[in-house]
>>> print(open('run_32.txt').read())   # compact mmCIF, C-alpha atoms
# COMPACT_ATOMS: atom_id res chain seq x y z
CA VAL A 1 59.46 -81.78 234.14
CA SER A 2 57.35 -84.17 232.07
CA ALA A 3 54.53 -81.59 231.86
CA ILE A 4 56.98 -78.88 230.78
CA ILE A 5 58.37 -81.14 228.06
CA CYS A 6 54.85 -81.96 226.84
CA ARG A 7 53.91 -78.27 226.71
CA PHE A 8 57.14 -77.45 224.85
CA THR A 9 56.55 -80.29 222.38
CA HIS A 10 52.95 -79.21 221.80
CA ARG A 11 54.04 -75.61 221.27
CA THR A 12 56.72 -76.69 218.80
CA TRP A 13 54.13 -78.77 216.93
CA LEU A 14 51.73 -75.80 216.80
CA ILE A 15 54.46 -73.50 215.47
CA SER A 16 55.37 -76.09 212.85
CA MET A 17 51.72 -76.42 211.76
CA VAL A 18 51.30 -72.63 211.53
CA GLU A 19 54.49 -72.30 209.47
CA GLU A 20 53.39 -75.10 207.15
CA TYR A 21 49.96 -73.50 206.72
CA SER A 22 51.60 -70.13 205.99
CA ARG A 23 53.84 -71.70 203.35
CA GLY A 24 50.77 -73.26 201.74
CA LEU A 25 48.98 -69.91 201.70
CA GLN A 26 52.03 -68.20 200.22
CA GLY A 27 52.30 -70.88 197.55
CA ARG A 28 48.67 -70.44 196.57
CA LEU A 29 49.05 -66.65 196.57
CA ASP A 30 52.12 -66.91 194.33
CA ALA A 31 50.19 -69.19 191.95
CA TYR A 32 47.26 -66.73 191.83
CA MET A 33 49.61 -63.82 191.14
CA GLU A 34 51.37 -65.75 188.39
CA GLN A 35 48.03 -66.62 186.79
CA ALA A 36 46.92 -62.98 187.04
CA ARG A 37 50.12 -61.83 185.30
CA ALA A 38 49.65 -64.46 182.59
CA ASN A 39 46.04 -63.35 182.04
CA GLU A 40 47.10 -59.70 181.87
CA HIS A 41 49.73 -60.55 179.26
CA LYS A 42 47.20 -62.58 177.27
CA LEU A 43 44.70 -59.72 177.45
CA ARG A 44 47.28 -57.28 176.07
CA GLN A 45 48.03 -59.71 173.23
CA PHE A 46 44.34 -60.00 172.39
CA GLN A 47 43.93 -56.21 172.47
CA ASP A 48 46.89 -55.81 170.11
CA MET A 49 45.35 -58.41 167.79
CA GLU A 50 41.99 -56.64 167.85
CA LEU A 51 43.66 -53.41 166.75
CA LYS A 52 45.39 -55.24 163.91
CA LEU A 53 42.12 -56.85 162.83
CA LEU A 54 40.24 -53.58 162.78
CA SER A 55 43.10 -51.79 161.02
CA ALA A 56 43.39 -54.30 158.15
CA GLU A 57 42.90 -52.46 154.86
CA SER A 58 41.61 -55.39 152.77
CA LEU A 59 40.07 -58.82 153.22
CA PRO A 60 43.31 -60.65 152.26
CA ASP A 61 45.26 -58.42 154.67
CA LEU A 62 42.77 -59.34 157.38
CA CYS A 63 43.21 -63.04 156.62
CA ARG A 64 46.97 -62.59 156.84
CA VAL A 65 46.58 -61.08 160.33
CA LEU A 66 44.45 -64.02 161.46
CA ILE A 67 46.46 -66.77 159.78
CA GLN A 68 50.00 -65.51 160.22
CA ASP A 69 50.16 -62.87 162.95
CA TYR A 70 47.84 -64.68 165.33
CA ARG A 71 49.77 -67.92 164.91
CA ARG A 72 53.04 -66.18 165.72
CA ALA A 73 51.71 -64.17 168.66
CA PHE A 74 50.13 -67.13 170.43
CA GLY A 75 52.55 -69.89 169.50
CA LEU A 76 50.15 -71.97 167.43
CA ASP A 77 51.09 -74.47 164.76
CA VAL A 78 48.21 -73.88 162.35
CA VAL A 79 45.53 -71.23 161.92
CA SER A 80 43.07 -71.73 159.09
CA LEU A 81 39.94 -69.96 157.90
CA LEU A 82 36.68 -71.28 156.51
CA LEU A 83 34.58 -68.50 155.03
CA VAL A 84 30.98 -68.89 153.90
CA ASP A 85 30.72 -67.79 150.26
CA SER A 86 27.30 -68.96 149.13
CA GLY A 87 27.14 -66.28 146.41
CA HIS A 88 30.76 -66.72 145.24
CA HIS A 89 31.44 -63.07 146.02
CA LEU A 90 34.46 -63.71 148.23
CA ALA A 91 36.03 -65.91 145.57
CA LYS A 92 36.03 -62.94 143.20
CA LEU A 93 37.52 -60.63 145.82
CA PHE A 94 40.34 -63.05 146.62
CA LYS A 95 41.00 -63.78 142.96
CA ASN A 96 41.31 -60.09 142.14
CA PHE A 97 43.65 -59.46 145.07
CA PHE A 98 45.96 -62.41 144.58
CA ASN A 99 46.13 -61.87 140.83
CA SER A 100 47.48 -58.40 141.52
CA HIS A 101 49.61 -59.55 144.51
CA PRO A 102 51.11 -62.90 143.45
CA GLY A 103 53.26 -64.91 145.84
CA VAL A 104 51.69 -63.82 149.14
CA ARG A 105 53.31 -66.42 151.39
CA ASP A 106 54.08 -67.05 155.05
CA GLU A 107 57.53 -67.43 156.64
CA ASN A 108 57.48 -71.17 155.80
CA ASP A 109 57.02 -70.30 152.10
CA VAL A 110 53.45 -71.62 152.13
CA ASP A 111 50.87 -69.72 150.09
CA LEU A 112 48.41 -68.09 152.49
CA LEU A 113 45.57 -69.21 150.24
CA ASP A 114 46.37 -72.78 151.35
CA TYR A 115 44.97 -71.88 154.77
CA ILE A 116 41.71 -70.42 153.43
CA GLN A 117 38.64 -72.34 152.32
CA LEU A 118 35.63 -70.70 150.71
CA ILE A 119 32.52 -72.74 151.42
CA ASN A 120 29.63 -72.57 148.99
CA ASP A 121 28.46 -76.18 148.82
CA TYR A 122 25.10 -76.73 150.53
CA ARG A 123 26.15 -79.94 152.23
CA GLN A 124 29.32 -78.34 153.56
CA LEU A 125 27.31 -75.42 154.86
CA GLN A 126 24.97 -77.81 156.66
CA GLU A 127 27.97 -79.52 158.23
CA LEU A 128 29.34 -76.18 159.43
CA GLU A 129 26.05 -75.40 161.14
CA ARG A 130 26.80 -78.18 163.65
CA PHE A 131 29.74 -76.09 164.88
CA SER A 132 28.10 -72.68 164.63
CA THR A 133 26.75 -72.15 168.14
CA GLU A 134 29.84 -71.95 170.36
CA PRO A 135 33.61 -72.60 170.37
CA ARG A 136 34.58 -76.27 170.27
CA LEU A 137 37.81 -77.15 172.07
CA SER A 138 38.99 -80.75 171.99
CA ALA A 139 41.65 -83.27 171.14
CA ALA A 140 42.35 -83.36 167.41
CA THR A 141 40.42 -86.09 165.61
CA PRO A 142 41.22 -86.38 161.89
CA ALA A 143 37.83 -87.89 161.05
CA VAL A 144 36.13 -84.82 162.55
CA HIS A 145 38.60 -82.00 162.10
CA LYS A 146 40.43 -82.64 158.83
CA PRO A 147 37.80 -80.70 156.84
CA PHE A 148 38.82 -77.64 158.87
CA PHE A 149 42.58 -78.03 158.37
CA LEU A 150 42.95 -80.24 155.25
CA GLU A 151 46.63 -81.09 154.61
CA HIS A 152 47.67 -79.07 157.67
CA MET A 153 45.98 -81.59 159.99
CA ASP A 154 49.08 -83.80 160.29
CA GLY A 155 50.65 -83.68 163.74
CA LEU A 156 47.93 -81.63 165.42
CA LYS A 157 46.99 -82.87 168.90
CA SER A 158 44.38 -80.33 170.03
CA VAL A 159 42.17 -77.84 168.22
CA ALA A 160 39.76 -74.96 168.76
CA ILE A 161 36.99 -74.35 166.23
CA LEU A 162 35.56 -70.84 166.63
CA PRO A 163 32.39 -69.78 164.78
CA MET A 164 32.39 -66.22 163.47
CA GLN A 165 28.93 -64.67 163.34
CA ARG A 166 27.36 -61.30 162.61
CA HIS A 167 23.69 -60.43 163.05
CA GLY A 168 22.87 -64.10 163.63
CA LEU A 169 24.48 -65.21 160.37
CA LEU A 170 27.45 -67.58 160.20
CA LEU A 171 30.39 -65.93 158.39
CA GLY A 172 32.76 -68.84 158.81
CA MET A 173 35.12 -70.58 161.19
CA LEU A 174 38.44 -69.57 162.68
CA CYS A 175 40.33 -72.83 163.29
CA LEU A 176 43.29 -73.03 165.68
CA GLY A 177 45.52 -76.09 165.80
CA SER A 178 48.35 -77.10 168.14
CA ARG A 179 50.76 -80.01 168.37
CA ASP A 180 50.46 -79.68 172.15
CA GLY A 181 47.75 -82.06 173.33
CA THR A 182 47.07 -79.94 176.42
CA ARG A 183 46.64 -76.63 174.57
CA TYR A 184 42.87 -77.00 174.06
CA SER A 185 40.40 -79.14 176.00
CA PRO A 186 36.61 -79.07 176.50
CA ASP A 187 36.88 -77.89 180.13
CA MET A 188 38.85 -74.74 179.29
CA ALA A 189 37.34 -71.27 179.57
CA THR A 190 36.61 -69.72 176.18
CA ASP A 191 36.13 -66.04 177.04
CA PHE A 192 39.20 -64.79 175.15
CA LEU A 193 38.52 -67.07 172.18
CA GLN A 194 34.89 -65.98 171.94
CA ARG A 195 36.04 -62.37 171.99
CA LEU A 196 38.53 -63.09 169.23
CA ALA A 197 35.89 -64.80 167.08
CA LEU A 198 33.51 -61.86 167.63
CA MET A 199 36.11 -59.29 166.61
CA ALA A 200 37.16 -61.39 163.62
CA GLY A 201 33.53 -61.46 162.47
CA VAL A 202 33.23 -57.68 162.83
CA ALA A 203 36.48 -57.15 160.93
CA ILE A 204 35.51 -59.55 158.12
CA GLU A 205 32.15 -57.83 157.64
CA LYS A 206 33.90 -54.44 157.54
CA ALA A 207 36.59 -55.63 155.10
CA VAL A 208 34.04 -57.15 152.71
CA LYS A 209 32.05 -53.90 152.61
CA ILE A 210 35.23 -51.91 151.91
CA GLU A 211 36.18 -54.27 149.06
CA TYR A 212 32.73 -53.88 147.50
CA LEU A 213 33.02 -50.09 147.69
CA ARG A 214 36.41 -50.21 146.00
CA GLN A 215 34.97 -52.15 143.11
>>> encode(input="run_32.txt", output="structure tokens")
Amino acid sequence: VSAIICRFTHRTWLISMVEEYSRGLQGRLDAYMEQARANEHKLRQFQDMELKLLSAESLPDLCRVLIQDYRRAFGLDVVSLLLVDSGHHLAKLFKNFFNSHPGVRDENDVDLLDYIQLINDYRQLQELERFSTEPRLSAATPAVHKPFFLEHMDGLKSVAILPMQRHGLLLGMLCLGSRDGTRYSPDMATDFLQRLALMAGVAIEKAVKIEYLRQ
């Protein structure tokens, strides 16, 4: 009788262990499937954004897509742009556009120009070069990141600084800011963000050429 009880107990223990292992496997599978669905949704969002970028009909329209539409689509608190303008050409393009389209503002009644910086100072350009090689994701540090966000730095907890390049030349920085401290961190994958920065660079180069042709 004792041997039968021992065998029964052992069998019950084995069944329990198998069931527990199966639940663990199912939990991991569910987590993988959820992550796959999230990645698929994110990919569709990025593809939609790429189409908007490439369809923008002017440089200011392109900036509006990046600053306003991207912020809405991905639930960010701030998106700002730093554009290299060593020859002051972009300044003229923006001035002409906003003179003929006054009051271009976002849904918070903030002038979109407040989110755009045109960089032509040599020292500022040298400082940008430190960030020009790859995306930088980190906790927000005012001493480091305020030049990228200016007065919009308040309240940001994590940031992503994305260099936009074409043909080996730095066009500027796309700067993403969040009040969520876990949104961006150095150990995160940057594949989607690098793709976004690449497409933004392509779209900016295209928009600038179109503006020059118009003039």
>>> closest_residue(input="run_32.txt", among="A:Leu29, A:Val208, A:Leu193, A:Leu43", to="A:Leu90", atoms="all atoms listed in the file")
A:Val208
>>> atom_distance(input="run_32.txt", atom1="atom CA of A:Arg130", atom2="atom CA of A:His88")
22.0 Å
>>> residues_around(input="run_32.txt", residues="A:Ala197", least_positions_apart="2", cutoff="10 Å", atoms="all atoms listed in the file", output="count of residues only")
20
>>> closest_residue(input="run_32.txt", among="A:Tyr212, A:Phe46, A:Phe148, A:Tyr21", to="A:Leu82", atoms="only C-alpha atoms")
A:Phe148
>>> closest_residue(input="run_32.txt", among="A:His89, A:Leu54, A:Leu62, A:Asp114", to="A:Glu151", atoms="all atoms listed in the file")
A:Asp114
>>> closest_residue(input="run_32.txt", among="A:Ile119, A:Ile204, A:Ala73, A:Ala139", to="A:Gly181", atoms="all atoms listed in the file")
A:Ala139
>>> closest_residue(input="run_32.txt", among="A:Val84, A:Leu150, A:Ala160, A:Cys63", to="A:Leu113", atoms="only C-alpha atoms")
A:Cys63
